[in-house]
file start.cif (mmCIF, C-alpha atoms and all ligand atoms)
data_final
#
loop_
_atom_site.group_PDB
_atom_site.id
_atom_site.type_symbol
_atom_site.label_atom_id
_atom_site.label_comp_id
_atom_site.auth_asym_id
_atom_site.auth_seq_id
_atom_site.Cartn_x
_atom_site.Cartn_y
_atom_site.Cartn_z
ATOM 1 C CA MET A 1 117.218 133.381 46.795
ATOM 2 C CA GLN A 2 115.127 130.529 48.108
ATOM 3 C CA ARG A 3 113.959 127.739 45.877
ATOM 4 C CA THR A 4 110.716 125.923 46.390
ATOM 5 C CA THR A 5 109.388 122.941 44.548
ATOM 6 C CA SER A 6 105.741 123.484 43.927
ATOM 7 C CA GLY A 7 104.547 119.946 44.509
ATOM 8 C CA ILE A 8 102.331 120.153 41.468
ATOM 9 C CA GLY A 9 102.964 117.676 38.686
ATOM 10 C CA THR A 10 103.067 119.228 35.233
ATOM 11 C CA PRO A 11 103.778 118.046 31.738
ATOM 12 C CA GLY A 12 107.242 118.673 30.365
ATOM 13 C CA GLY A 13 108.471 122.158 29.634
ATOM 14 C CA LEU A 14 107.204 123.718 26.445
ATOM 15 C CA SER A 15 108.295 126.720 24.516
ATOM 16 C CA GLY A 16 107.453 128.511 21.319
ATOM 17 C CA HIS A 17 105.633 126.818 18.487
ATOM 18 C CA GLU A 18 106.049 123.519 20.249
ATOM 19 C CA ALA A 19 103.715 124.813 22.913
ATOM 20 C CA GLN A 20 100.781 125.314 20.601
ATOM 21 C CA GLY A 21 100.487 121.648 19.746
ATOM 22 C CA HIS A 22 100.437 120.685 23.383
ATOM 23 C CA LEU A 23 97.814 123.119 24.472
ATOM 24 C CA ASP A 24 94.921 121.647 26.265
ATOM 25 C CA GLN A 25 91.677 121.539 24.295
ATOM 26 C CA ALA A 26 90.199 124.125 26.614
ATOM 27 C CA TRP A 27 92.686 126.685 25.391
ATOM 28 C CA ARG A 28 92.006 126.286 21.696
ATOM 29 C CA PRO A 29 89.493 129.141 21.588
ATOM 30 C CA TRP A 30 92.187 131.402 23.014
ATOM 31 C CA VAL A 31 94.690 130.236 20.433
ATOM 32 C CA LYS A 32 92.240 131.135 17.663
ATOM 33 C CA LEU A 33 91.692 134.606 19.097
ATOM 34 C CA LEU A 34 95.378 135.137 19.588
ATOM 35 C CA ASP A 35 96.011 133.980 16.063
ATOM 36 C CA VAL A 36 93.755 136.688 14.637
ATOM 37 C CA ALA A 37 95.750 139.335 16.511
ATOM 38 C CA LEU A 38 99.120 137.786 15.680
ATOM 39 C CA GLN A 39 98.345 137.471 11.986
ATOM 40 C CA ALA A 40 97.466 141.154 11.941
ATOM 41 C CA ALA A 41 100.675 141.915 13.858
ATOM 42 C CA GLU A 42 102.735 139.963 11.330
ATOM 43 C CA SER A 43 101.406 141.957 8.374
ATOM 44 C CA SER A 44 103.083 145.249 7.513
ATOM 45 C CA ALA A 45 99.766 147.100 7.271
ATOM 46 C CA TRP A 46 100.024 148.647 10.718
ATOM 47 C CA ALA A 47 103.449 150.167 10.108
ATOM 48 C CA SER A 48 101.779 153.185 8.483
ATOM 49 C CA ALA A 49 100.106 153.996 11.815
ATOM 50 C CA VAL A 50 103.371 154.309 13.734
ATOM 51 C CA PRO A 51 103.617 157.987 14.720
ATOM 52 C CA GLU A 52 106.723 160.098 14.796
ATOM 53 C CA LEU A 53 108.427 159.826 18.151
ATOM 54 C CA PRO A 54 107.316 162.820 20.196
ATOM 55 C CA VAL A 55 109.950 165.560 20.075
ATOM 56 C CA ARG A 56 111.743 165.581 23.380
ATOM 57 C CA SER A 57 114.972 166.740 24.834
ATOM 58 C CA ASP A 58 116.635 164.174 27.028
ATOM 59 C CA ALA A 59 117.008 166.726 29.801
ATOM 60 C CA ALA A 60 113.269 167.418 29.939
ATOM 61 C CA TRP A 61 112.164 163.846 29.454
ATOM 62 C CA PRO A 62 111.274 162.004 32.670
ATOM 63 C CA PRO A 63 113.384 158.847 32.879
ATOM 64 C CA TYR A 64 110.281 156.788 33.753
ATOM 65 C CA ALA A 65 108.285 157.714 30.612
ATOM 66 C CA PRO A 66 107.888 155.022 27.925
ATOM 67 C CA LEU A 67 108.381 155.996 24.271
ATOM 68 C CA LEU A 68 104.640 156.165 23.584
ATOM 69 C CA GLU A 69 104.204 158.954 26.128
ATOM 70 C CA GLY A 70 102.860 162.038 24.356
ATOM 71 C CA ALA A 71 102.407 160.281 20.998
ATOM 72 C CA SER A 72 99.713 161.307 18.500
ATOM 73 C CA ILE A 73 98.636 158.117 16.776
ATOM 74 C CA ARG A 74 96.485 158.202 13.658
ATOM 75 C CA ILE A 75 95.010 154.882 12.627
ATOM 76 C CA ASP A 76 92.970 153.612 9.706
ATOM 77 C CA GLY A 77 89.441 153.481 11.128
ATOM 78 C CA ARG A 78 88.320 150.819 8.691
ATOM 79 C CA ARG A 79 91.254 148.503 9.426
ATOM 80 C CA THR A 80 90.744 148.983 13.153
ATOM 81 C CA ARG A 81 87.012 148.200 12.994
ATOM 82 C CA LYS A 82 87.688 145.155 10.835
ATOM 83 C CA LEU A 83 90.213 143.751 13.328
ATOM 84 C CA VAL A 84 87.978 144.389 16.352
ATOM 85 C CA ARG A 85 84.990 142.799 14.622
ATOM 86 C CA GLU A 86 87.006 139.788 13.538
ATOM 87 C CA LEU A 87 88.163 139.294 17.118
ATOM 88 C CA ILE A 88 84.603 139.611 18.402
ATOM 89 C CA HIS A 89 83.305 137.110 15.846
ATOM 90 C CA THR A 90 86.117 134.679 16.664
ATOM 91 C CA ALA A 91 85.367 135.026 20.370
ATOM 92 C CA ASP A 92 81.705 134.410 19.626
ATOM 93 C CA ASP A 93 82.434 131.249 17.661
ATOM 94 C CA ALA A 94 84.574 130.013 20.520
ATOM 95 C CA ARG A 95 81.937 130.467 23.171
ATOM 96 C CA ASP A 96 79.632 127.729 24.260
ATOM 97 C CA ALA A 97 76.082 127.960 23.016
ATOM 98 C CA GLY A 98 75.017 131.041 24.885
ATOM 99 C CA ALA A 99 74.321 134.632 24.184
ATOM 100 C CA GLN A 100 76.385 135.611 21.185
ATOM 101 C CA TRP A 101 77.660 139.089 21.474
ATOM 102 C CA SER A 102 78.074 139.861 17.836
ATOM 103 C CA THR A 103 74.387 139.288 17.244
ATOM 104 C CA ALA A 104 73.540 141.197 20.401
ATOM 105 C CA MET A 105 75.871 143.982 19.378
ATOM 106 C CA ARG A 106 74.798 146.943 17.371
ATOM 107 C CA GLY A 107 78.040 146.746 15.445
ATOM 108 C CA ARG A 108 78.118 150.212 13.946
ATOM 109 C CA ARG A 109 78.077 151.755 17.389
ATOM 110 C CA LEU A 110 81.184 150.053 18.648
ATOM 111 C CA ASP A 111 83.845 152.751 18.940
ATOM 112 C CA ALA A 112 86.841 150.746 17.718
ATOM 113 C CA VAL A 113 89.284 153.682 17.678
ATOM 114 C CA GLY A 114 88.288 154.709 21.203
ATOM 115 C CA LEU A 115 88.628 151.083 22.247
ATOM 116 C CA LEU A 116 92.231 150.957 21.039
ATOM 117 C CA HIS A 117 93.041 154.127 22.926
ATOM 118 C CA ALA A 118 91.466 152.762 26.113
ATOM 119 C CA ALA A 119 93.355 149.482 25.733
ATOM 120 C CA ILE A 120 96.743 151.120 25.155
ATOM 121 C CA ILE A 121 96.490 153.202 28.331
ATOM 122 C CA ARG A 122 94.555 150.455 30.120
ATOM 123 C CA ASP A 123 91.541 152.606 30.947
ATOM 124 C CA HIS A 124 89.036 150.075 32.295
ATOM 125 C CA ASP A 125 86.289 152.665 32.743
ATOM 126 C CA ALA A 126 86.487 153.713 29.098
ATOM 127 C CA VAL A 127 86.285 150.068 27.943
ATOM 128 C CA GLU A 128 83.197 149.650 30.110
ATOM 129 C CA ARG A 129 81.562 152.729 28.616
ATOM 130 C CA ILE A 130 82.280 151.559 25.050
ATOM 131 C CA ALA A 131 80.945 148.066 25.867
ATOM 132 C CA ALA A 132 77.784 149.483 27.452
ATOM 133 C CA ARG A 133 77.074 151.672 24.412
ATOM 134 C CA ALA A 134 77.555 148.686 22.085
ATOM 135 C CA GLY A 135 75.469 146.421 24.341
ATOM 136 C CA ILE A 136 78.177 143.822 24.921
ATOM 137 C CA ASP A 137 79.959 142.272 27.873
ATOM 138 C CA ALA A 138 82.700 144.569 29.212
ATOM 139 C CA SER A 139 85.100 141.915 30.494
ATOM 140 C CA ALA A 140 85.017 140.056 27.187
ATOM 141 C CA LEU A 141 85.523 143.305 25.279
ATOM 142 C CA ALA A 142 88.517 144.093 27.503
ATOM 143 C CA VAL A 143 90.166 140.854 26.357
ATOM 144 C CA VAL A 144 89.405 141.648 22.711
ATOM 145 C CA ALA A 145 90.788 145.164 23.201
ATOM 146 C CA GLN A 146 94.116 143.944 24.568
ATOM 147 C CA LEU A 147 94.485 141.640 21.564
ATOM 148 C CA ALA A 148 93.441 144.385 19.148
ATOM 149 C CA VAL A 149 96.286 146.708 20.233
ATOM 150 C CA MET A 150 98.990 144.131 19.574
ATOM 151 C CA PRO A 151 99.500 144.886 15.840
ATOM 152 C CA LEU A 152 99.797 148.642 16.413
ATOM 153 C CA LEU A 153 102.048 148.382 19.471
ATOM 154 C CA HIS A 154 104.196 145.732 17.825
ATOM 155 C CA ALA A 155 104.670 147.999 14.793
ATOM 156 C CA CYS A 156 105.681 150.896 17.091
ATOM 157 C CA ALA A 157 108.157 148.752 19.020
ATOM 158 C CA ASP A 158 109.618 147.423 15.788
ATOM 159 C CA ARG A 159 110.153 150.921 14.367
ATOM 160 C CA TRP A 160 111.487 152.389 17.611
ATOM 161 C CA ARG A 161 113.765 149.540 18.640
ATOM 162 C CA GLU A 162 116.887 151.711 18.406
ATOM 163 C CA HIS A 163 115.345 154.399 20.598
ATOM 164 C CA VAL A 164 114.810 152.249 23.678
ATOM 165 C CA SER A 165 117.243 153.669 26.214
ATOM 166 C CA SER A 166 119.944 151.281 27.329
ATOM 167 C CA ALA A 167 119.656 153.010 30.698
ATOM 168 C CA TRP A 168 116.025 151.874 31.180
ATOM 169 C CA THR A 169 115.925 150.327 34.647
ATOM 170 C CA HIS A 170 112.205 149.828 35.196
ATOM 171 C CA GLY A 171 110.140 146.674 35.308
ATOM 172 C CA TYR A 172 107.546 147.976 32.815
ATOM 173 C CA CYS A 173 107.820 148.130 29.045
ATOM 174 C CA PRO A 174 109.928 151.079 27.809
ATOM 175 C CA VAL A 175 107.646 151.390 24.758
ATOM 176 C CA CYS A 176 104.049 150.746 25.891
ATOM 177 C CA ALA A 177 104.186 150.730 29.743
ATOM 178 C CA ALA A 178 102.822 147.172 30.150
ATOM 179 C CA TRP A 179 104.257 144.859 32.770
ATOM 180 C CA PRO A 180 106.330 142.040 31.252
ATOM 181 C CA ALA A 181 104.425 138.934 30.147
ATOM 182 C CA LEU A 182 107.454 136.835 31.045
ATOM 183 C CA ALA A 183 111.198 136.914 31.501
ATOM 184 C CA GLU A 184 113.815 135.092 29.470
ATOM 185 C CA LEU A 185 117.108 133.803 30.830
ATOM 186 C CA ARG A 186 118.821 134.027 27.498
ATOM 187 C CA GLY A 187 121.845 132.398 26.013
ATOM 188 C CA LEU A 188 124.736 130.650 27.652
ATOM 189 C CA GLU A 189 125.298 133.602 29.948
ATOM 190 C CA ARG A 190 121.635 133.451 31.082
ATOM 191 C CA SER A 191 121.106 137.189 30.816
ATOM 192 C CA ARG A 192 117.713 138.218 32.123
ATOM 193 C CA ARG A 193 115.500 139.931 29.543
ATOM 194 C CA LEU A 194 111.957 141.058 30.287
ATOM 195 C CA ARG A 195 109.511 140.668 27.388
ATOM 196 C CA CYS A 196 106.379 142.661 26.672
ATOM 197 C CA GLY A 197 103.394 140.548 25.636
ATOM 198 C CA ARG A 198 101.782 143.457 23.744
ATOM 199 C CA CYS A 199 104.642 144.844 21.656
ATOM 200 C CA ALA A 200 107.432 142.243 22.143
ATOM 201 C CA THR A 201 109.918 144.835 23.420
ATOM 202 C CA ASP A 202 112.911 143.322 25.106
ATOM 203 C CA TRP A 203 114.780 144.983 27.982
ATOM 204 C CA PRO A 204 117.227 143.920 30.670
ATOM 205 C CA LEU A 205 116.746 143.803 34.428
ATOM 206 C CA PRO A 206 119.222 142.394 36.966
ATOM 207 C CA VAL A 207 118.469 138.794 37.998
ATOM 208 C CA LEU A 208 117.975 139.751 41.625
ATOM 209 C CA GLN A 209 115.490 142.579 41.192
ATOM 210 C CA CYS A 210 111.695 142.445 41.362
ATOM 211 C CA ALA A 211 110.198 143.828 38.130
ATOM 212 C CA TYR A 212 107.234 145.305 39.995
ATOM 213 C CA CYS A 213 108.548 146.929 43.174
ATOM 214 C CA GLY A 214 112.300 146.989 42.594
ATOM 215 C CA GLU A 215 113.075 144.791 45.629
ATOM 216 C CA ASP A 216 116.694 143.648 45.345
ATOM 217 C CA ASP A 217 117.285 141.967 48.707
ATOM 218 C CA HIS A 218 117.898 138.346 47.717
ATOM 219 C CA ASP A 219 116.302 137.166 50.968
ATOM 220 C CA ARG A 220 113.032 138.765 49.808
ATOM 221 C CA LEU A 221 113.032 137.036 46.388
ATOM 222 C CA GLY A 222 112.249 133.406 45.657
ATOM 223 C CA THR A 223 111.611 130.839 42.942
ATOM 224 C CA LEU A 224 108.852 128.270 42.431
ATOM 225 C CA THR A 225 109.758 125.378 40.179
ATOM 226 C CA PRO A 226 107.260 122.765 38.965
ATOM 227 C CA GLU A 227 107.950 119.368 40.472
ATOM 228 C CA GLY A 228 110.181 117.140 38.411
ATOM 229 C CA GLU A 229 111.279 119.886 36.050
ATOM 230 C CA SER A 230 114.697 121.268 35.429
ATOM 231 C CA GLN A 231 115.280 124.969 35.651
ATOM 232 C CA THR A 232 113.988 125.755 32.158
ATOM 233 C CA ARG A 233 110.596 127.035 33.399
ATOM 234 C CA ARG A 234 109.938 128.611 36.741
ATOM 235 C CA VAL A 235 108.169 131.394 38.586
ATOM 236 C CA GLU A 236 110.067 134.195 40.261
ATOM 237 C CA VAL A 237 108.277 135.631 43.280
ATOM 238 C CA CYS A 238 108.753 138.666 45.508
ATOM 239 C CA TYR A 239 107.889 138.408 49.198
ATOM 240 C CA THR A 240 107.695 142.198 49.474
ATOM 241 C CA CYS A 241 104.995 142.987 46.862
ATOM 242 C CA LYS A 242 103.725 139.402 46.434
ATOM 243 C CA GLY A 243 104.222 139.718 42.670
ATOM 244 C CA TYR A 244 105.250 136.880 40.358
ATOM 245 C CA LEU A 245 106.865 136.606 36.945
ATOM 246 C CA LYS A 246 107.135 133.498 34.778
ATOM 247 C CA THR A 247 110.675 132.849 33.566
ATOM 248 C CA PHE A 248 111.943 130.672 30.718
ATOM 249 C CA THR A 249 115.397 129.642 29.619
ATOM 250 C CA THR A 250 115.895 130.483 25.943
ATOM 251 C CA LEU A 251 118.698 130.455 23.445
ATOM 252 C CA ARG A 252 117.365 133.243 21.222
ATOM 253 C CA PRO A 253 114.953 136.123 21.750
ATOM 254 C CA MET A 254 111.327 135.033 21.421
ATOM 255 C CA VAL A 255 109.234 136.697 18.691
ATOM 256 C CA LEU A 256 105.807 138.110 19.624
ATOM 257 C CA ARG A 257 104.029 134.896 18.635
ATOM 258 C CA THR A 258 106.340 132.802 20.786
ATOM 259 C CA ILE A 259 105.907 135.116 23.761
ATOM 260 C CA ALA A 260 102.116 134.904 23.462
ATOM 261 C CA MET A 261 102.025 131.140 22.962
ATOM 262 C CA THR A 262 104.535 130.454 25.734
ATOM 263 C CA ASP A 263 102.506 132.630 28.100
ATOM 264 C CA LEU A 264 99.318 130.769 27.166
ATOM 265 C CA ALA A 265 100.919 127.326 27.383
ATOM 266 C CA SER A 266 102.255 127.929 30.876
ATOM 267 C CA VAL A 267 99.037 128.564 32.745
ATOM 268 C CA ASP A 268 100.149 125.836 35.150
ATOM 269 C CA LEU A 269 102.855 128.236 36.345
ATOM 270 C CA ASP A 270 100.266 130.968 36.923
ATOM 271 C CA LEU A 271 98.251 128.533 39.007
ATOM 272 C CA ILE A 272 101.289 127.517 41.051
ATOM 273 C CA ALA A 273 101.904 131.181 41.881
ATOM 274 C CA GLN A 274 98.284 132.158 42.430
ATOM 275 C CA GLU A 275 97.634 129.210 44.741
ATOM 276 C CA ARG A 276 100.361 130.688 46.925
ATOM 277 C CA GLN A 277 98.720 134.129 46.891
ATOM 278 C CA TYR A 278 101.121 135.716 44.422
ATOM 279 C CA ALA A 279 99.642 137.967 41.746
ATOM 280 C CA ARG A 280 100.524 140.194 38.822
ATOM 281 C CA PRO A 281 99.781 143.898 39.309
ATOM 282 C CA SER A 282 96.314 144.902 38.113
ATOM 283 C CA GLN A 283 97.384 148.467 37.281
ATOM 284 C CA PHE A 284 100.180 149.705 35.068
ATOM 285 C CA ALA A 285 103.000 151.530 36.846
ATOM 286 C CA HIS A 286 102.790 154.385 34.366
ATOM 287 C CA ARG A 287 99.588 155.844 32.924
ATOM 288 C CA LEU A 288 100.352 156.939 29.368
ATOM 289 C CA THR A 289 99.045 160.223 28.010
ATOM 290 C CA LEU A 290 98.586 160.029 24.249
ATOM 291 C CA THR A 291 96.013 160.605 21.549
ATOM 292 C CA VAL A 292 94.545 158.149 19.058
ATOM 293 C CA SER A 293 92.489 159.382 16.127
ATOM 294 C CA ARG A 294 91.230 158.127 12.812
ATOM 295 C CA ALA A 295 93.526 159.072 9.964
ATOM 296 C CA GLY A 296 91.795 162.069 8.371
ATOM 297 C CA ALA A 297 89.676 162.748 11.461
ATOM 298 C CA ARG A 298 88.959 166.277 12.624
ATOM 299 C CA ALA A 299 90.705 167.537 15.737
ATOM 300 C CA GLY A 300 87.501 167.201 17.773
ATOM 301 C CA GLU A 301 87.595 163.453 17.295
ATOM 302 C CA LEU A 302 90.902 162.992 19.069
ATOM 303 C CA ARG A 303 90.853 160.560 21.944
ATOM 304 C CA THR A 304 92.474 161.973 25.005
ATOM 305 C CA PRO A 305 92.491 160.418 28.441
ATOM 306 C CA ALA A 306 89.521 161.146 30.685
ATOM 307 C CA PRO A 307 90.441 163.750 33.294
HETATM 308 ZN ZN ZN A 401 105.226 146.892 25.328
HETATM 309 ZN ZN ZN A 402 108.238 143.046 44.394
#

call {"tool": "encode", "arguments": {"input": "start.cif", "output": "structure tokens", "more": "lines below"}}
Ligand SMILES: [Zn+2]
Ligand SMILES: [Zn+2]
result
Amino acid sequence: MQRTTSGIGTPGGLSGHEAQGHLDQAWRPWVKLLDVALQAAESSAWASAVPELPVRSDAAWPPYAPLLEGASIRIDGRRTRKLVRELIHTADDARDAGAQWSTAMRGRRLDAVGLLHAAIIRDHDAVERIAARAGIDASALAVVAQLAVMPLLHACADRWREHVSSAWTHGYCPVCAAWPALAELRGLERSRRLRCGRCATDWPLPVLQCAYCGEDDHDRLGTLTPEGESQTRRVEVCYTCKGYLKTFTTLRPMVLRTIAMTDLASVDLDLIAQERQYARPSQFAHRLTLTVSRAGARAGELRTPAP
């Protein structure tokens, strides 16, 4: 594995709660938004929405399918709308004096349950349709949607922790199919654990294996390290797929809040990678098929993926 020093000066390494205090002023609006989602994720209210694990026999179950595959999720429509609206209002407050989308939005028409479904399976077209109907900006709503799914997905991952297969060998989340937000090199033995930024699931992958394309030729994998820093923060890159993954040395597993804040506080690492033409995949490796409906909704109101 090659090592490269980025040549970009950065402040000292940050992790966890420590990171929040050091965040640049420009990121404060993001911290507020994230905080709304994290507070919801830390309450137990979403646990009631965790569905039964779909019945499956190991023999029939494809080894690449995350646990949410085939799930029928029923969520409290009122709680979902409240969270989405709170995120939209927080985003509005954070924006510079410009068009405010909550005032431009015809709030009742925002399909919050459909939005959660679209966000879980990462259906960009569906988010665009929901945004157009509500009269708001689609890219901003996509950000809100990804934050809004965190409490539900975190509750699922928490409940299903014991069901994550120890034989999972993929780079994407074994619960919700997202690519990892970051990797930890944990403990004295520096075991490599990938961490989901949506549900906080934690799964292993060998040190010399690209999370995105599976490349395991050490000559095709490299590391970018910020100038003047030790090895506690770095970017792992793959010359084959041009993907990158931020990596942090930790003693203990990060909780969801720490994952989110560490990701946000290390934008300098993203820039180091992106300046060198590395990127994170724009599509998930696995497109989930699942339904999301309002608790008490009729069958016709189920959300299923567009054909
Ligand atoms: Zn996940
Ligand atoms: Zn790769």

call {"tool": "residues_near_ligand", "arguments": {"input": "start.cif", "ligand": "ligand ZN 402 (chain A)", "cutoff": "7 Å", "atoms": "only C-alpha atoms and all ligand atoms", "output": "VMD selection string"}}
result
chain A and resid 210 to 215 238 to 243

call {"tool": "resolve_selection", "arguments": {"input": "start.cif", "expression": "the PyMOL selection byres (((chain A and resi 278) around 8) and not hetatm)", "output": "VMD selection string"}}
result
chain A and resid 237 242 to 244 273 to 277 279 to 280

call {"tool": "write_last_selection", "arguments": {"input": "start.cif", "atoms": "C-alpha atoms", "output": "compact mmCIF listing (two decimals), in the coordinates of the input"}}
result
# COMPACT_ATOMS: atom_id res chain seq x y z
CA VAL A 237 108.28 135.63 43.28
CA LYS A 242 103.72 139.40 46.43
CA GLY A 243 104.22 139.72 42.67
CA TYR A 244 105.25 136.88 40.36
CA ALA A 273 101.90 131.18 41.88
CA GLN A 274 98.28 132.16 42.43
CA GLU A 275 97.63 129.21 44.74
CA ARG A 276 100.36 130.69 46.92
CA GLN A 277 98.72 134.13 46.89
CA ALA A 279 99.64 137.97 41.75
CA ARG A 280 100.52 140.19 38.82

call {"tool": "atom_distance", "arguments": {"input": "start.cif", "atom1": "CA of Ser139 in chain A", "atom2": "CA of Leu33 in chain A"}}
result
15.1 Å

call {"tool": "closest_residue", "arguments": {"input": "start.cif", "among": "A:Gly77, A:Pro174, A:Pro253, A:Pro281", "to": "ligand ZN 401 (chain A)", "atoms": "all atoms listed in the file"}}
result
A:Pro174

call {"tool": "residues_near_ligand", "arguments": {"input": "start.cif", "ligand": "ligand ZN 401 (chain A)", "cutoff": "6 Å", "atoms": "all atoms listed in the file", "output": "compact mmCIF listing (two decimals) with C-alpha atoms, keeping the file's coordinate frame"}}
result
# COMPACT_ATOMS: atom_id res chain seq x y z
CA CYS A 173 107.82 148.13 29.04
CA VAL A 175 107.65 151.39 24.76
CA CYS A 176 104.05 150.75 25.89
CA ALA A 177 104.19 150.73 29.74
CA ALA A 178 102.82 147.17 30.15
CA CYS A 196 106.38 142.66 26.67
CA ARG A 198 101.78 143.46 23.74
CA CYS A 199 104.64 144.84 21.66
CA THR A 201 109.92 144.84 23.42

call {"tool": "closest_residue", "arguments": {"input": "start.cif", "among": "A:Arg79, A:Arg252, A:Arg129, A:Arg233", "to": "Ser266 in chain A", "atoms": "only C-alpha atoms"}}
result
A:Arg233

call {"tool": "atom_distance", "arguments": {"input": "start.cif", "atom1": "CA of Ala37 in chain A", "atom2": "CA of Pro151 in chain A"}}
result
6.7 Å

call {"tool": "closest_residue", "arguments": {"input": "start.cif", "among": "A:Trp179, A:Leu141, A:Val36, A:Ala91", "to": "Arg287 in chain A", "atoms": "all atoms listed in the file"}}
result
A:Trp179

call {"tool": "closest_residue", "arguments": {"input": "start.cif", "among": "A:Leu205, A:Ala265, A:Leu110, A:Ala200", "to": "Ala167 in chain A", "atoms": "only C-alpha atoms"}}
result
A:Leu205

call {"tool": "closest_residue", "arguments": {"input": "start.cif", "among": "A:Arg28, A:Arg78, A:Arg122, A:Arg234", "to": "Ile272 in chain A", "atoms": "all atoms listed in the file"}}
result
A:Arg234

call {"tool": "residues_around", "arguments": {"input": "start.cif", "residues": "Arg56 in chain A", "least_positions_apart": "4", "cutoff": "12 Å", "atoms": "all atoms listed in the file", "output": "VMD selection string"}}
result
chain A and resid 52 60 to 63 65 67 to 71

call {"tool": "build_atoms", "arguments": {"input": "start.cif", "residues": "range 195-200 of chain A", "atoms": "all heavy atoms", "output": "short mmCIF file (atom, residue, chain, number, x, y, z; two decimals), in the frame of the given file"}}
result
data_model
loop_
_atom_site.label_atom_id
_atom_site.label_comp_id
_atom_site.auth_asym_id
_atom_site.auth_seq_id
_atom_site.Cartn_x
_atom_site.Cartn_y
_atom_site.Cartn_z
N ARG A 195 110.15 140.62 28.70
CA ARG A 195 109.51 140.67 27.39
C ARG A 195 108.08 141.15 27.50
O ARG A 195 107.29 140.61 28.30
CB ARG A 195 109.53 139.27 26.73
CG ARG A 195 110.91 138.67 26.55
CD ARG A 195 111.84 139.59 25.74
NE ARG A 195 111.27 140.01 24.48
CZ ARG A 195 111.33 139.32 23.34
NH1 ARG A 195 112.00 138.20 23.31
NH2 ARG A 195 110.77 139.79 22.24
N CYS A 196 107.75 142.13 26.68
CA CYS A 196 106.38 142.66 26.67
C CYS A 196 105.49 141.76 25.83
O CYS A 196 105.84 141.41 24.70
CB CYS A 196 106.38 144.08 26.11
SG CYS A 196 104.72 144.80 26.05
N GLY A 197 104.33 141.41 26.36
CA GLY A 197 103.39 140.55 25.64
C GLY A 197 102.50 141.32 24.68
O GLY A 197 101.72 140.73 23.94
N ARG A 198 102.60 142.66 24.66
CA ARG A 198 101.78 143.46 23.74
C ARG A 198 102.59 143.90 22.54
O ARG A 198 102.10 143.89 21.41
CB ARG A 198 101.26 144.72 24.43
CG ARG A 198 100.56 144.46 25.74
CD ARG A 198 99.56 145.54 26.07
NE ARG A 198 100.12 146.88 26.25
CZ ARG A 198 99.37 147.97 26.46
NH1 ARG A 198 98.04 147.84 26.50
NH2 ARG A 198 99.92 149.14 26.62
N CYS A 199 103.85 144.29 22.76
CA CYS A 199 104.64 144.84 21.66
C CYS A 199 105.95 144.09 21.43
O CYS A 199 106.68 144.40 20.50
CB CYS A 199 104.91 146.32 21.90
SG CYS A 199 106.12 146.68 23.19
N ALA A 200 106.24 143.10 22.27
CA ALA A 200 107.43 142.24 22.14
C ALA A 200 108.74 142.95 22.46
O ALA A 200 109.81 142.43 22.20
CB ALA A 200 107.52 141.57 20.77
#
